[in-house]
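Report on one structure; see the data block that follows.
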Amino acid sequence: MTLHWKLVVDANDPHAQADFWAAALGYAVEDNDALIERLIGIGAAPPDLTVESHGRRAWRDLVAVRHPDDPYDEESGMGLGRRILFQRVPERKTVKNRLHIDVHSEPGTRDAEVARLETLGAAVARHVKEPGGEWTVMSDPEGNEFCVQ
């Protein structure tokens, strides 16, 4: 039985991506400050692997967002449920995603949700209307495609 899961997304700026997706989904950016301070304190991690984000210490090259209703480990800040982890990679996105997120809005509010996501930095790629339904294909600030239903 699966205890929890996370989707891992390559990113050029993991903290900007985490902020976007936390706002888009109503998730919380994980606070790993206590874990990081403990690891630095015992010499298990060098301070140069960290940055300041939201007034606290965070890993420079990875950060996760978690569903606010899911459990999390208070000592590490890591979610124990639905999570998205953004990890820094040197290369830019160059091809279509093989996996994407569908964002489901309340019935009749898709246009308003698309507009809200645009204010967060997303862009509309196209609107789709097929016999199976309607949705809007968007891209996040780094060009990753997602759909708004």
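Naming scheme: A, B, ... for chains in displayed order of the structure tokens; residues 1 onward per chain; ligands 1 onward as shown.
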
>> Based on the backbone DSSP call, show me all residues of region 9-111 of chain A assigned strand (DSSP E or B), as a ChimeraX atom specification.
In response: /A:9-11,28-29,50-53,56-59,62-66,72,79,82-88,101-103

May I have the residues from that selection written out with N, CA and C atoms, as a PDB file, in the first residue's frame?
```
ATOM      1  N   VAL A   9       9.530  17.402 -10.269  1.00  0.00           N
ATOM      2  CA  VAL A   9       9.559  18.232 -11.462  1.00  0.00           C
ATOM      3  C   VAL A   9      10.923  18.897 -11.568  1.00  0.00           C
ATOM      4  N   ASP A  10      11.582  18.735 -12.707  1.00  0.00           N
ATOM      5  CA  ASP A  10      12.835  19.430 -12.965  1.00  0.00           C
ATOM      6  C   ASP A  10      12.544  20.924 -13.131  1.00  0.00           C
ATOM      7  N   ALA A  11      13.443  21.762 -12.622  1.00  0.00           N
ATOM      8  CA  ALA A  11      13.215  23.208 -12.670  1.00  0.00           C
ATOM      9  C   ALA A  11      14.539  23.953 -12.746  1.00  0.00           C
ATOM     10  N   ALA A  28       0.956  24.295   0.455  1.00  0.00           N
ATOM     11  CA  ALA A  28       1.906  24.993   1.319  1.00  0.00           C
ATOM     12  C   ALA A  28       3.321  24.655   0.877  1.00  0.00           C
ATOM     13  N   VAL A  29       4.181  25.657   0.810  1.00  0.00           N
ATOM     14  CA  VAL A  29       5.601  25.401   0.570  1.00  0.00           C
ATOM     15  C   VAL A  29       6.151  24.786   1.849  1.00  0.00           C
ATOM     16  N   THR A  50      22.245  25.994   0.958  1.00  0.00           N
ATOM     17  CA  THR A  50      20.969  26.583   1.348  1.00  0.00           C
ATOM     18  C   THR A  50      20.834  28.012   0.830  1.00  0.00           C
ATOM     19  N   VAL A  51      19.605  28.485   0.841  1.00  0.00           N
ATOM     20  CA  VAL A  51      19.263  29.873   0.522  1.00  0.00           C
ATOM     21  C   VAL A  51      18.228  30.323   1.544  1.00  0.00           C
ATOM     22  N   GLU A  52      17.971  31.616   1.596  1.00  0.00           N
ATOM     23  CA  GLU A  52      16.863  32.098   2.412  1.00  0.00           C
ATOM     24  C   GLU A  52      15.649  32.233   1.507  1.00  0.00           C
ATOM     25  N   SER A  53      14.548  31.685   1.959  1.00  0.00           N
ATOM     26  CA  SER A  53      13.294  31.760   1.210  1.00  0.00           C
ATOM     27  C   SER A  53      12.157  31.926   2.213  1.00  0.00           C
ATOM     28  N   ARG A  56      13.189  32.039   5.911  1.00  0.00           N
ATOM     29  CA  ARG A  56      13.736  30.865   6.593  1.00  0.00           C
ATOM     30  C   ARG A  56      14.740  30.184   5.671  1.00  0.00           C
ATOM     31  N   ARG A  57      15.549  29.320   6.267  1.00  0.00           N
ATOM     32  CA  ARG A  57      16.550  28.606   5.492  1.00  0.00           C
ATOM     33  C   ARG A  57      15.875  27.480   4.706  1.00  0.00           C
ATOM     34  N   ALA A  58      16.292  27.323   3.444  1.00  0.00           N
ATOM     35  CA  ALA A  58      15.736  26.292   2.566  1.00  0.00           C
ATOM     36  C   ALA A  58      16.870  25.693   1.748  1.00  0.00           C
ATOM     37  N   TRP A  59      16.656  24.490   1.254  1.00  0.00           N
ATOM     38  CA  TRP A  59      17.651  23.896   0.353  1.00  0.00           C
ATOM     39  C   TRP A  59      17.713  24.725  -0.914  1.00  0.00           C
ATOM     40  N   LEU A  62      16.385  22.241  -4.068  1.00  0.00           N
ATOM     41  CA  LEU A  62      15.100  21.548  -4.050  1.00  0.00           C
ATOM     42  C   LEU A  62      14.178  22.119  -3.014  1.00  0.00           C
ATOM     43  N   VAL A  63      12.917  22.066  -3.368  1.00  0.00           N
ATOM     44  CA  VAL A  63      11.875  22.532  -2.461  1.00  0.00           C
ATOM     45  C   VAL A  63      10.573  21.854  -2.874  1.00  0.00           C
ATOM     46  N   ALA A  64       9.767  21.538  -1.888  1.00  0.00           N
ATOM     47  CA  ALA A  64       8.506  20.848  -2.178  1.00  0.00           C
ATOM     48  C   ALA A  64       7.320  21.662  -1.696  1.00  0.00           C
ATOM     49  N   VAL A  65       6.184  21.365  -2.301  1.00  0.00           N
ATOM     50  CA  VAL A  65       4.903  21.884  -1.834  1.00  0.00           C
ATOM     51  C   VAL A  65       4.047  20.681  -1.467  1.00  0.00           C
ATOM     52  N   ARG A  66       3.171  20.884  -0.486  1.00  0.00           N
ATOM     53  CA  ARG A  66       2.333  19.781  -0.022  1.00  0.00           C
ATOM     54  C   ARG A  66       0.907  20.256   0.177  1.00  0.00           C
ATOM     55  N   TYR A  72       2.294  15.848   7.953  1.00  0.00           N
ATOM     56  CA  TYR A  72       3.697  16.123   7.645  1.00  0.00           C
ATOM     57  C   TYR A  72       4.523  15.868   8.897  1.00  0.00           C
ATOM     58  N   GLY A  79       6.231  16.683   3.849  1.00  0.00           N
ATOM     59  CA  GLY A  79       4.882  16.165   3.773  1.00  0.00           C
ATOM     60  C   GLY A  79       4.862  14.652   3.702  1.00  0.00           C
ATOM     61  N   ARG A  82       0.283  14.119  -0.368  1.00  0.00           N
ATOM     62  CA  ARG A  82       0.413  14.612  -1.748  1.00  0.00           C
ATOM     63  C   ARG A  82       1.426  15.757  -1.796  1.00  0.00           C
ATOM     64  N   ARG A  83       2.482  15.560  -2.607  1.00  0.00           N
ATOM     65  CA  ARG A  83       3.568  16.543  -2.677  1.00  0.00           C
ATOM     66  C   ARG A  83       4.041  16.712  -4.112  1.00  0.00           C
ATOM     67  N   ILE A  84       4.602  17.866  -4.385  1.00  0.00           N
ATOM     68  CA  ILE A  84       5.342  18.102  -5.633  1.00  0.00           C
ATOM     69  C   ILE A  84       6.695  18.643  -5.213  1.00  0.00           C
ATOM     70  N   LEU A  85       7.748  17.978  -5.665  1.00  0.00           N
ATOM     71  CA  LEU A  85       9.124  18.383  -5.353  1.00  0.00           C
ATOM     72  C   LEU A  85       9.743  18.988  -6.601  1.00  0.00           C
ATOM     73  N   PHE A  86      10.297  20.174  -6.464  1.00  0.00           N
ATOM     74  CA  PHE A  86      10.971  20.851  -7.570  1.00  0.00           C
ATOM     75  C   PHE A  86      12.467  20.762  -7.335  1.00  0.00           C
ATOM     76  N   GLN A  87      13.178  20.189  -8.319  1.00  0.00           N
ATOM     77  CA  GLN A  87      14.624  20.023  -8.188  1.00  0.00           C
ATOM     78  C   GLN A  87      15.324  20.765  -9.320  1.00  0.00           C
ATOM     79  N   ARG A  88      16.403  21.461  -8.938  1.00  0.00           N
ATOM     80  CA  ARG A  88      17.161  22.250  -9.917  1.00  0.00           C
ATOM     81  C   ARG A  88      17.894  21.330 -10.891  1.00  0.00           C
ATOM     82  N   ILE A 101      -0.124  18.084 -14.960  1.00  0.00           N
ATOM     83  CA  ILE A 101      -1.121  18.271 -13.917  1.00  0.00           C
ATOM     84  C   ILE A 101      -2.396  18.817 -14.555  1.00  0.00           C
ATOM     85  N   ASP A 102      -3.538  18.287 -14.137  1.00  0.00           N
ATOM     86  CA  ASP A 102      -4.832  18.856 -14.487  1.00  0.00           C
ATOM     87  C   ASP A 102      -5.352  19.591 -13.260  1.00  0.00           C
ATOM     88  N   VAL A 103      -5.712  20.842 -13.443  1.00  0.00           N
ATOM     89  CA  VAL A 103      -6.297  21.646 -12.377  1.00  0.00           C
ATOM     90  C   VAL A 103      -7.799  21.693 -12.643  1.00  0.00           C
TER      91      VAL A 103
END
```

> Using only C-alpha atoms, which of A:Ala16, A:Ile36, A:Val95, A:Val128 sits nearest Glu75 (chain A)?
Replying inline: A:Ile36

> What is the CA of Asn12 (chain A) to CA of Arg110 (chain A) distance in Å?
Replying inline: 28.6 Å

> Just asking: which residues within region 11-125 of chain A are alpha helix (DSSP H) according to DSSP, as a PyMOL selection string?
Replying inline: chain A and resi 14-25+33-41+110-119

Quick one: write out the picked residues with N, CA and C atoms as a compact mmCIF listing (two decimals), in the first residue's frame?
```txt
# COMPACT_ATOMS: atom_id res chain seq x y z
N PRO A 14 13.78 26.26 -8.70
CA PRO A 14 12.82 25.47 -7.93
C PRO A 14 11.96 26.30 -6.98
N HIS A 15 12.52 27.36 -6.39
CA HIS A 15 11.74 28.14 -5.43
C HIS A 15 10.65 28.95 -6.12
N ALA A 16 10.93 29.49 -7.29
CA ALA A 16 9.89 30.22 -8.03
C ALA A 16 8.79 29.25 -8.48
N GLN A 17 9.18 28.07 -8.91
CA GLN A 17 8.19 27.07 -9.31
C GLN A 17 7.33 26.64 -8.11
N ALA A 18 7.97 26.41 -6.98
CA ALA A 18 7.22 26.02 -5.79
C ALA A 18 6.23 27.11 -5.39
N ASP A 19 6.66 28.36 -5.45
CA ASP A 19 5.76 29.46 -5.10
C ASP A 19 4.58 29.52 -6.06
N PHE A 20 4.85 29.34 -7.37
CA PHE A 20 3.76 29.35 -8.35
C PHE A 20 2.76 28.23 -8.07
N TRP A 21 3.26 27.01 -7.93
CA TRP A 21 2.36 25.87 -7.77
C TRP A 21 1.66 25.87 -6.41
N ALA A 22 2.31 26.37 -5.38
CA ALA A 22 1.64 26.49 -4.08
C ALA A 22 0.45 27.44 -4.22
N ALA A 23 0.65 28.57 -4.88
CA ALA A 23 -0.44 29.53 -5.08
C ALA A 23 -1.51 28.96 -6.02
N ALA A 24 -1.08 28.27 -7.07
CA ALA A 24 -2.03 27.72 -8.04
C ALA A 24 -2.94 26.67 -7.42
N LEU A 25 -2.38 25.81 -6.58
CA LEU A 25 -3.12 24.68 -6.04
C LEU A 25 -3.63 24.87 -4.61
N ASP A 33 13.33 24.32 7.51
CA ASP A 33 14.31 25.10 8.26
C ASP A 33 14.88 24.33 9.45
N ALA A 34 14.05 23.70 10.26
CA ALA A 34 14.53 23.00 11.46
C ALA A 34 15.46 21.85 11.08
N LEU A 35 15.10 21.09 10.06
CA LEU A 35 15.96 19.99 9.60
C LEU A 35 17.29 20.53 9.09
N ILE A 36 17.24 21.57 8.29
CA ILE A 36 18.46 22.14 7.72
C ILE A 36 19.37 22.66 8.83
N GLU A 37 18.81 23.40 9.77
CA GLU A 37 19.61 23.93 10.88
C GLU A 37 20.25 22.79 11.67
N ARG A 38 19.50 21.72 11.90
CA ARG A 38 20.04 20.57 12.63
C ARG A 38 21.19 19.92 11.85
N LEU A 39 21.02 19.73 10.54
CA LEU A 39 22.06 19.10 9.72
C LEU A 39 23.31 19.98 9.63
N ILE A 40 23.12 21.28 9.51
CA ILE A 40 24.27 22.18 9.50
C ILE A 40 24.97 22.16 10.86
N GLY A 41 24.18 22.15 11.92
CA GLY A 41 24.72 22.16 13.28
C GLY A 41 25.60 20.96 13.60
N ARG A 110 -14.06 28.07 -15.01
CA ARG A 110 -12.78 27.82 -15.68
C ARG A 110 -12.13 29.12 -16.17
N ASP A 111 -12.90 30.00 -16.80
CA ASP A 111 -12.31 31.24 -17.31
C ASP A 111 -11.72 32.09 -16.19
N ALA A 112 -12.40 32.15 -15.07
CA ALA A 112 -11.89 32.91 -13.93
C ALA A 112 -10.62 32.25 -13.37
N GLU A 113 -10.59 30.92 -13.35
CA GLU A 113 -9.40 30.22 -12.86
C GLU A 113 -8.22 30.43 -13.80
N VAL A 114 -8.49 30.39 -15.10
CA VAL A 114 -7.43 30.66 -16.08
C VAL A 114 -6.88 32.07 -15.87
N ALA A 115 -7.75 33.03 -15.68
CA ALA A 115 -7.32 34.42 -15.46
C ALA A 115 -6.49 34.53 -14.17
N ARG A 116 -6.91 33.83 -13.11
CA ARG A 116 -6.16 33.85 -11.85
C ARG A 116 -4.78 33.27 -12.04
N LEU A 117 -4.69 32.15 -12.76
CA LEU A 117 -3.39 31.51 -13.00
C LEU A 117 -2.49 32.38 -13.87
N GLU A 118 -3.09 33.13 -14.79
CA GLU A 118 -2.30 34.06 -15.60
C GLU A 118 -1.67 35.14 -14.72
N THR A 119 -2.39 35.61 -13.71
CA THR A 119 -1.83 36.63 -12.82
C THR A 119 -0.67 36.07 -12.00
```

>> List as a list in words the protein and nucleic acid residues near Val124 (chain A), meaning an atom at most 7 Å away when only C-alpha atoms are counted, but skip any in the same chain fewer than 6 places from it.
In response: Val137, Met138 and Ser139 of chain A

Selection above as a file: all heavy atoms, as a PDB file, in the first residue's frame:
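Generated file (again_4.pdb):
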```
ATOM      1  N   VAL A 137      -5.342  24.587 -22.112  1.00  0.00           N
ATOM      2  CA  VAL A 137      -3.963  24.156 -21.926  1.00  0.00           C
ATOM      3  C   VAL A 137      -3.148  25.400 -21.607  1.00  0.00           C
ATOM      4  O   VAL A 137      -3.213  26.401 -22.326  1.00  0.00           O
ATOM      5  CB  VAL A 137      -3.402  23.453 -23.185  1.00  0.00           C
ATOM      6  CG1 VAL A 137      -1.952  23.039 -22.973  1.00  0.00           C
ATOM      7  CG2 VAL A 137      -4.266  22.249 -23.564  1.00  0.00           C
ATOM      8  N   MET A 138      -2.420  25.332 -20.504  1.00  0.00           N
ATOM      9  CA  MET A 138      -1.597  26.460 -20.073  1.00  0.00           C
ATOM     10  C   MET A 138      -0.168  25.984 -19.857  1.00  0.00           C
ATOM     11  O   MET A 138       0.105  24.783 -19.859  1.00  0.00           O
ATOM     12  CB  MET A 138      -2.154  27.048 -18.764  1.00  0.00           C
ATOM     13  CG  MET A 138      -3.575  27.557 -18.890  1.00  0.00           C
ATOM     14  SD  MET A 138      -4.151  28.415 -17.404  1.00  0.00           S
ATOM     15  CE  MET A 138      -3.346  30.015 -17.637  1.00  0.00           C
ATOM     16  N   SER A 139       0.731  26.932 -19.648  1.00  0.00           N
ATOM     17  CA  SER A 139       2.099  26.587 -19.262  1.00  0.00           C
ATOM     18  C   SER A 139       2.449  27.387 -18.017  1.00  0.00           C
ATOM     19  O   SER A 139       2.022  28.534 -17.860  1.00  0.00           O
ATOM     20  CB  SER A 139       3.086  26.862 -20.394  1.00  0.00           C
ATOM     21  OG  SER A 139       3.053  28.218 -20.766  1.00  0.00           O
TER      22      SER A 139
END
```

>> Can you measure CA of Glu130 (chain A) to CA of Glu106 (chain A) for me? One decimal in Å is fine.
In response: 19.4 Å

> Near His127 (chain A), within 10 Å and counting only C-alpha atoms, which residues show up once chain neighbours fewer than 6 positions away are dropped, as a PyMOL selection string?
Replying inline: chain A and resi 134-138+147-148

>> Set the distance at 10 Å and use only C-alpha atoms: which residues neighbour Leu99 (chain A) once local chain neighbours fewer than 4 positions away are removed? I'd like the list as number ranges by chain.
In response: A: 7, 9, 144-146

> Of the candidates A:Leu120, A:Leu49, A:Asp140, A:Ala44, which one gets nearest to Asn97 (chain A) if we count only C-alpha atoms?
Replying inline: A:Asp140

> Quick one, how far is CA of Ala123 (chain A) from CA of Arg60 (chain A)?
Replying inline: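 Pair CA of Ala123 (chain A) / CA of Arg60 (chain A) returns 26.2 Å.
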